[in-house]
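Source file run.cif; content: mmCIF, C-alpha atoms.
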data_my_file
#
loop_
_atom_site.label_atom_id
_atom_site.label_comp_id
_atom_site.auth_asym_id
_atom_site.auth_seq_id
_atom_site.Cartn_x
_atom_site.Cartn_y
_atom_site.Cartn_z
CA MET V 1 -31.53 50.48 63.57
CA LYS V 2 -30.22 51.38 60.14
CA ARG V 3 -26.70 50.29 61.19
CA ILE V 4 -27.99 46.89 62.43
CA LEU V 5 -29.83 46.28 59.16
CA THR V 6 -26.67 47.07 57.19
CA ILE V 7 -24.63 44.57 59.26
CA MET V 8 -27.24 41.80 58.76
CA ILE V 9 -27.24 42.36 54.97
CA ALA V 10 -23.42 42.14 54.92
CA ILE V 11 -23.48 38.85 56.86
CA LEU V 12 -26.04 37.34 54.44
CA VAL V 13 -23.89 38.35 51.45
CA VAL V 14 -20.83 36.62 53.00
CA PHE V 15 -22.77 33.37 53.54
CA ALA V 16 -24.10 33.45 49.99
CA VAL V 17 -20.60 33.84 48.54
CA VAL V 18 -19.19 31.01 50.68
CA GLY V 19 -22.10 28.75 49.75
CA CYS V 20 -21.56 29.32 46.02
CA ALA V 21 -17.85 28.59 46.34
CA GLY V 22 -18.54 25.36 48.22
CA ASN V 23 -20.94 24.09 45.58
CA LYS V 24 -18.67 24.84 42.63
CA LYS V 25 -17.42 21.68 40.89
CA PRO V 26 -13.73 21.41 40.04
CA PRO V 27 -12.98 21.92 36.35
CA ALA V 28 -12.03 18.99 34.16
CA ALA V 29 -8.97 18.85 31.96
CA ASN V 30 -11.04 20.26 29.08
CA GLY V 31 -12.27 23.17 31.16
CA GLN V 32 -15.75 21.72 31.71
CA PRO V 33 -17.03 21.33 35.31
CA GLY V 34 -17.79 17.95 36.85
CA ALA V 35 -14.54 16.02 36.44
CA VAL V 36 -11.15 15.97 38.13
CA SER V 37 -7.91 15.86 36.18
CA PRO V 38 -5.95 12.63 36.88
CA ASP V 39 -2.98 13.11 39.21
CA VAL V 40 -1.28 9.79 38.52
CA LYS V 41 0.71 9.33 35.34
CA THR V 42 2.25 6.14 34.04
CA TYR V 43 5.58 5.96 32.26
CA PRO V 44 5.93 2.74 30.25
CA PRO V 45 9.40 1.31 29.56
CA LYS V 46 11.20 2.66 26.50
CA ILE V 47 12.80 0.13 24.14
CA LEU V 48 16.45 1.01 23.62
CA GLU V 49 17.36 -1.98 21.45
CA HIS V 50 16.06 -5.41 20.51
CA LYS V 51 17.30 -8.56 18.84
CA GLY V 52 16.52 -7.29 15.37
CA THR V 53 17.77 -3.70 15.72
CA VAL V 54 21.07 -4.20 13.89
CA TRP V 55 19.36 -5.90 10.94
CA GLY V 56 16.28 -3.69 10.91
CA ALA V 57 14.05 -6.69 11.64
CA ALA V 58 10.78 -6.62 13.59
CA ALA V 59 9.72 -9.09 16.24
CA PRO V 60 8.47 -12.43 14.81
CA ASN V 61 4.75 -13.13 14.68
CA TRP V 62 4.83 -15.66 17.50
CA VAL V 63 5.99 -12.93 19.92
CA MET V 64 2.94 -10.82 19.08
CA SER V 65 0.67 -13.87 19.40
CA ALA V 66 2.25 -14.84 22.73
CA LEU V 67 1.07 -11.54 24.19
CA LYS V 68 -2.48 -12.89 23.82
CA GLY V 69 -1.61 -16.30 25.30
CA TYR V 70 0.02 -19.62 24.36
CA LYS V 71 -3.14 -20.89 22.64
CA GLU V 72 -2.84 -18.13 20.06
CA VAL V 73 0.65 -19.42 19.21
CA GLU V 74 -0.63 -22.99 18.93
CA LYS V 75 -3.14 -21.80 16.32
CA MET V 76 -0.33 -20.60 14.04
CA PRO V 77 0.43 -22.95 11.10
CA ASP V 78 4.05 -23.46 12.17
CA TYR V 79 3.05 -24.73 15.60
CA GLN V 80 -0.08 -26.76 14.99
CA GLY V 81 0.19 -30.23 16.50
CA LYS V 82 2.66 -28.90 19.06
CA PHE V 83 2.34 -28.10 22.73
CA VAL V 84 3.64 -24.57 23.35
CA ILE V 85 5.30 -23.15 26.45
CA ILE V 86 6.33 -19.49 26.71
CA VAL V 87 9.23 -18.78 29.07
CA GLU V 88 10.04 -15.21 30.12
CA GLU V 89 12.91 -13.78 32.17
CA GLN V 90 14.42 -10.36 32.89
CA GLY V 91 17.79 -9.20 34.17
CA ALA V 92 20.61 -6.69 33.91
CA ASP V 93 22.84 -8.83 31.65
CA LEU V 94 21.68 -10.30 28.34
CA SER V 95 23.74 -13.50 28.42
CA GLY V 96 22.83 -14.20 32.04
CA THR V 97 19.16 -13.55 31.43
CA GLU V 98 19.08 -15.86 28.39
CA LEU V 99 20.90 -18.55 30.37
CA ALA V 100 18.51 -18.23 33.28
CA ALA V 101 15.53 -18.57 30.96
CA SER V 102 16.82 -21.52 28.92
CA ARG V 103 18.66 -23.63 31.47
CA LEU V 104 17.68 -22.61 34.96
CA ASN V 105 14.00 -21.71 34.62
CA ALA V 106 12.77 -23.56 31.53
CA GLN V 107 12.15 -27.01 33.05
CA THR V 108 10.63 -25.54 36.22
CA ARG V 109 8.46 -23.24 34.15
CA ILE V 110 7.46 -26.05 31.78
CA ALA V 111 6.42 -28.33 34.65
CA ALA V 112 4.49 -25.52 36.37
CA LEU V 113 2.60 -24.52 33.20
CA ILE V 114 1.80 -28.10 32.25
CA SER V 115 0.57 -28.68 35.80
CA THR V 116 -1.75 -25.69 35.48
CA ARG V 117 -3.10 -26.95 32.16
CA VAL V 118 -3.56 -30.42 33.64
CA LYS V 119 -5.53 -28.90 36.51
CA ASP V 120 -7.68 -26.90 34.07
CA SER V 121 -8.30 -30.02 31.97
CA PHE V 122 -9.48 -31.93 35.02
CA ALA V 123 -11.74 -29.03 35.99
CA GLY V 124 -13.29 -28.99 32.52
CA ALA V 125 -13.71 -32.76 32.24
CA GLN V 126 -17.32 -33.89 32.24
CA VAL V 127 -17.30 -36.47 35.02
CA GLY V 128 -20.38 -37.59 36.92
CA ASP V 129 -18.92 -37.47 40.43
CA LYS V 130 -15.55 -35.77 40.73
CA ASP V 131 -15.56 -36.28 44.49
CA LYS V 132 -14.82 -39.96 43.86
CA ILE V 133 -11.52 -39.15 42.13
CA GLU V 134 -10.47 -35.96 43.90
CA SER V 135 -7.42 -37.57 45.51
CA TYR V 136 -6.45 -39.12 42.16
CA MET V 137 -6.57 -35.78 40.34
CA GLU V 138 -4.62 -34.08 43.12
CA ARG V 139 -1.87 -36.70 42.93
CA VAL V 140 -1.63 -36.40 39.13
CA VAL V 141 -1.29 -32.61 39.35
CA LYS V 142 1.41 -32.96 42.01
CA SER V 143 3.23 -35.61 39.98
CA VAL V 144 3.20 -33.42 36.87
CA SER V 145 4.42 -30.34 38.77
CA GLU V 146 7.46 -32.29 39.99
CA ALA V 147 8.24 -34.08 36.72
CA THR V 148 11.01 -33.45 34.20
CA PHE V 149 9.62 -33.73 30.69
CA SER V 150 11.79 -34.84 27.80
CA GLY V 151 11.40 -33.78 24.17
CA PHE V 152 10.97 -30.03 24.63
CA PHE V 153 12.82 -27.92 22.11
CA GLN V 154 13.54 -24.19 22.14
CA GLU V 155 12.16 -23.08 18.79
CA ASP V 156 13.00 -19.40 19.00
CA SER V 157 13.74 -16.50 21.34
CA TRP V 158 13.55 -12.73 21.34
CA TRP V 159 14.89 -10.03 23.63
CA VAL V 160 14.48 -6.32 24.22
CA HIS V 161 16.65 -3.87 26.14
CA VAL V 162 14.45 -1.34 27.94
CA GLN V 163 14.73 1.76 30.07
CA THR V 164 12.25 1.84 32.94
CA TYR V 165 10.96 4.93 34.72
CA THR V 166 9.76 5.83 38.20
CA SER V 167 6.23 7.05 38.91
CA GLU V 168 7.66 10.59 38.69
CA GLY V 169 8.92 9.99 35.15
CA LYS V 170 12.61 9.82 36.06
CA ALA V 171 14.89 7.21 34.47
CA ASP V 172 15.07 4.25 36.82
CA LYS V 173 17.02 1.25 35.49
CA GLN V 174 17.87 -0.54 32.30
CA GLU V 175 17.15 -4.24 31.90
CA TYR V 176 16.89 -7.02 29.35
CA ARG V 177 13.66 -8.92 28.88
CA VAL V 178 13.86 -12.31 27.21
CA ILE V 179 10.98 -14.37 25.83
CA GLN V 180 11.49 -17.93 24.59
CA LEU V 181 9.27 -20.29 22.65
CA TRP V 182 9.49 -23.95 23.68
CA THR V 183 7.53 -26.71 21.95
CA ILE V 184 7.02 -30.46 21.98
CA PRO V 185 4.90 -32.61 19.63
CA LYS V 186 1.59 -33.19 21.38
CA ASP V 187 1.72 -36.96 20.88
CA ALA V 188 5.15 -37.10 22.57
CA LEU V 189 3.85 -35.15 25.56
CA GLN V 190 0.67 -37.23 25.73
CA LYS V 191 2.69 -40.42 26.06
CA GLN V 192 4.45 -39.03 29.11
CA LEU V 193 1.22 -37.75 30.62
CA ASN V 194 -0.54 -41.07 29.94
CA ASN V 195 2.16 -42.85 31.93
CA MET V 196 1.53 -40.51 34.86
CA LEU V 197 -2.23 -40.96 34.62
CA ALA V 198 -1.85 -44.74 34.57
CA SER V 199 0.72 -44.78 37.38
CA GLU V 200 -1.44 -42.74 39.72
CA ALA V 201 -4.53 -44.73 38.73
CA ALA V 202 -2.75 -47.97 39.70
CA ALA V 203 -2.14 -46.59 43.19
CA GLU V 204 -5.79 -45.61 43.70
CA PRO V 205 -8.06 -47.95 45.73
CA LYS V 206 -10.73 -49.00 43.26
CA THR V 207 -14.49 -49.26 43.29
CA PRO V 208 -16.55 -49.78 40.11
CA GLU V 209 -17.86 -46.22 40.33
CA LYS V 210 -14.41 -44.74 40.86
CA GLN V 211 -12.94 -46.75 38.00
CA ARG V 212 -15.64 -45.50 35.63
CA ALA V 213 -15.01 -41.91 36.74
CA MET V 214 -11.27 -42.33 36.22
CA ASP V 215 -11.78 -43.84 32.77
CA GLN V 216 -14.08 -40.97 31.84
CA VAL V 217 -11.72 -38.23 33.04
CA GLN V 218 -8.83 -39.85 31.14
CA GLN V 219 -10.90 -39.95 27.94
CA SER V 220 -11.78 -36.25 28.16
CA PHE V 221 -8.46 -35.19 29.65
CA TYR V 222 -6.93 -33.82 26.44
CA ASP V 223 -9.87 -31.67 25.44
CA GLY V 224 -8.14 -28.70 27.06
CA PHE V 225 -4.82 -29.36 25.31
#

Take the structure in the file and give it back as structure tokens.
Amino acid sequence: MKRILTIMIAILVVFAVVGCAGNKKPPAANGQPGAVSPDVKTYPPKILEHKGTVWGAAAPNWVMSALKGYKEVEKMPDYQGKFVIIVEEQGADLSGTELAASRLNAQTRIAALISTRVKDSFAGAQVGDKDKIESYMERVVKSVSEATFSGFFQEDSWWVHVQTYTSEGKADKQEYRVIQLWTIPKDALQKQLNNMLASEAAAEPKTPEKQRAMDQVQQSFYDGF
């Protein structure tokens, strides 16, 4: 009987120890229970060189503003009254990357970004019944996305040469990243857009209600620009 009692007590002790171990929370990085240390680390690119390295010059203000969006650049005194497009490209060779950005991708990028802003302007326009002019707005957006706009000028550019890393922190590849600032006076762009608005409006079957809606959307079109 005494031996059986001893065995039962030993079994209960084992269960108690296992239960305490199972309920124990993993320690946090600071040694406190309740949190798990992160397993995933990120390794951002390291800048090896940039356009101003040789001269000891920092990136221009428009580059910093562009990180927040094109509208921040348009607020700057040097670019007020201008429509701003930011073009970015990356590649293994500096000259090739700059060429790709300025000649191969700029017009495509310009048309795509203007098309997006046109779409946003239509969406924000206060029109009574947008269903009446849905096909008109769709055709304008398509026309803009396929257009080649004249008058854009590359105001400035900047580049950085970076070393990228894998998720394990090992050196991966080196590449150049180019950012370019393109502008056009807003009145020059508006003339081109007005021609597109008018051209697509002429092709639209009219009703008095639809004409009023089209007139209204054209009047409020540039609020988003």

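Here atom CA of Pro44 of chain V and atom CA of Tyr165 of chain V stand 7.1 Å from one another.
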
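We find atom CA of Glu175 of chain V and atom CA of Glu98 of chain V to be spaced 12.3 Å apart.
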
| request: For atom CA of Ser121 of chain V and atom CA of Phe153 of chain V, determine how far apart the two atoms are, in Å to one decimal place. | output: 23.4 Å

| message | At a cut-off of 10 Å around the point (1.4, -28.6, 33.3) (file coordinates), what residues fall inside when counting all atoms listed in the file? I'd like the answer as a PyMOL selection string. | response | chain V and resi 85+109-121+141-147+193

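Among the candidate residues V:Pro185, V:Pro205, V:Gly169, V:Gly96, the one lying nearest to Lys41 of chain V is V:Gly169, with distances computed using only C-alpha atoms.
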
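Among the candidates V:Gln80, V:Thr166, V:Gln190, V:Ser199, the residue lying nearest to Ser150 of chain V is V:Gln190 (atoms considered: only C-alpha atoms).
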
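Checking V:Thr108, V:Ile47, V:Phe152, V:Glu209 one by one against Asp131 of chain V, counting all atoms listed in the file, you find the shortest gap at V:Glu209.
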
| Quick one: residues within 10 Å of Tyr79 of chain V, all atoms listed in the file counted, chain neighbours fewer than 5 positions away excluded, as a count of residues only? | 9

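In terms of minimum interatomic distance to Leu197 of chain V, V:Glu138 ranks closest within V:Glu88, V:Asp172, V:Glu138, V:Asp93, counting only C-alpha atoms.
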
Could you state which residues are captured by the PyMOL selection byres ((chain V and resi 66) around 12) in this file, as an mmCIF file with C-alpha atoms, in the frame of the given file?
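This is the output file expr_16.cif:
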data_model
loop_
_atom_site.group_PDB
_atom_site.id
_atom_site.type_symbol
_atom_site.label_atom_id
_atom_site.label_comp_id
_atom_site.auth_asym_id
_atom_site.auth_seq_id
_atom_site.Cartn_x
_atom_site.Cartn_y
_atom_site.Cartn_z
ATOM 1 C CA ALA V 59 9.720 -9.090 16.240
ATOM 2 C CA PRO V 60 8.470 -12.430 14.810
ATOM 3 C CA ASN V 61 4.750 -13.130 14.680
ATOM 4 C CA TRP V 62 4.830 -15.660 17.500
ATOM 5 C CA VAL V 63 5.990 -12.930 19.920
ATOM 6 C CA MET V 64 2.940 -10.820 19.080
ATOM 7 C CA SER V 65 0.670 -13.870 19.400
ATOM 8 C CA LEU V 67 1.070 -11.540 24.190
ATOM 9 C CA LYS V 68 -2.480 -12.890 23.820
ATOM 10 C CA GLY V 69 -1.610 -16.300 25.300
ATOM 11 C CA TYR V 70 0.020 -19.620 24.360
ATOM 12 C CA LYS V 71 -3.140 -20.890 22.640
ATOM 13 C CA GLU V 72 -2.840 -18.130 20.060
ATOM 14 C CA VAL V 73 0.650 -19.420 19.210
ATOM 15 C CA GLU V 74 -0.630 -22.990 18.930
ATOM 16 C CA LYS V 75 -3.140 -21.800 16.320
ATOM 17 C CA MET V 76 -0.330 -20.600 14.040
ATOM 18 C CA VAL V 84 3.640 -24.570 23.350
ATOM 19 C CA ILE V 85 5.300 -23.150 26.450
ATOM 20 C CA ILE V 86 6.330 -19.490 26.710
ATOM 21 C CA VAL V 87 9.230 -18.780 29.070
ATOM 22 C CA GLU V 88 10.040 -15.210 30.120
ATOM 23 C CA SER V 157 13.740 -16.500 21.340
ATOM 24 C CA TRP V 158 13.550 -12.730 21.340
ATOM 25 C CA ILE V 179 10.980 -14.370 25.830
ATOM 26 C CA GLN V 180 11.490 -17.930 24.590
ATOM 27 C CA LEU V 181 9.270 -20.290 22.650
ATOM 28 C CA TRP V 182 9.490 -23.950 23.680
#

| message | If the PyMOL selection byres ((chain V and resi 210) around 10) were run on this exact file, what residues would it hold? Put them as a count of residues only. | response | 18

| Pick the closest to Phe122 of chain V from V:Met137, V:Trp159, V:Glu49, V:Asn194: which is it, counting all atoms listed in the file? | V:Met137

| field | Using all atoms listed in the file: which of V:Thr148, V:Gln90, V:Gln154, V:Gln174 has the shortest distance to Leu48 of chain V | value | V:Gln174

Edge lengths and centre in Å to one decimal, as lines of an AutoDock Vina configuration file, is what I'm after for the box along x, y and z that holds all listed atoms of segment 131-140 of chain V once 3 Å is added on each side.
center_x = -8.6
center_y = -37.0
center_z = 42.3
size_x = 19.9
size_y = 11.9
size_z = 12.4
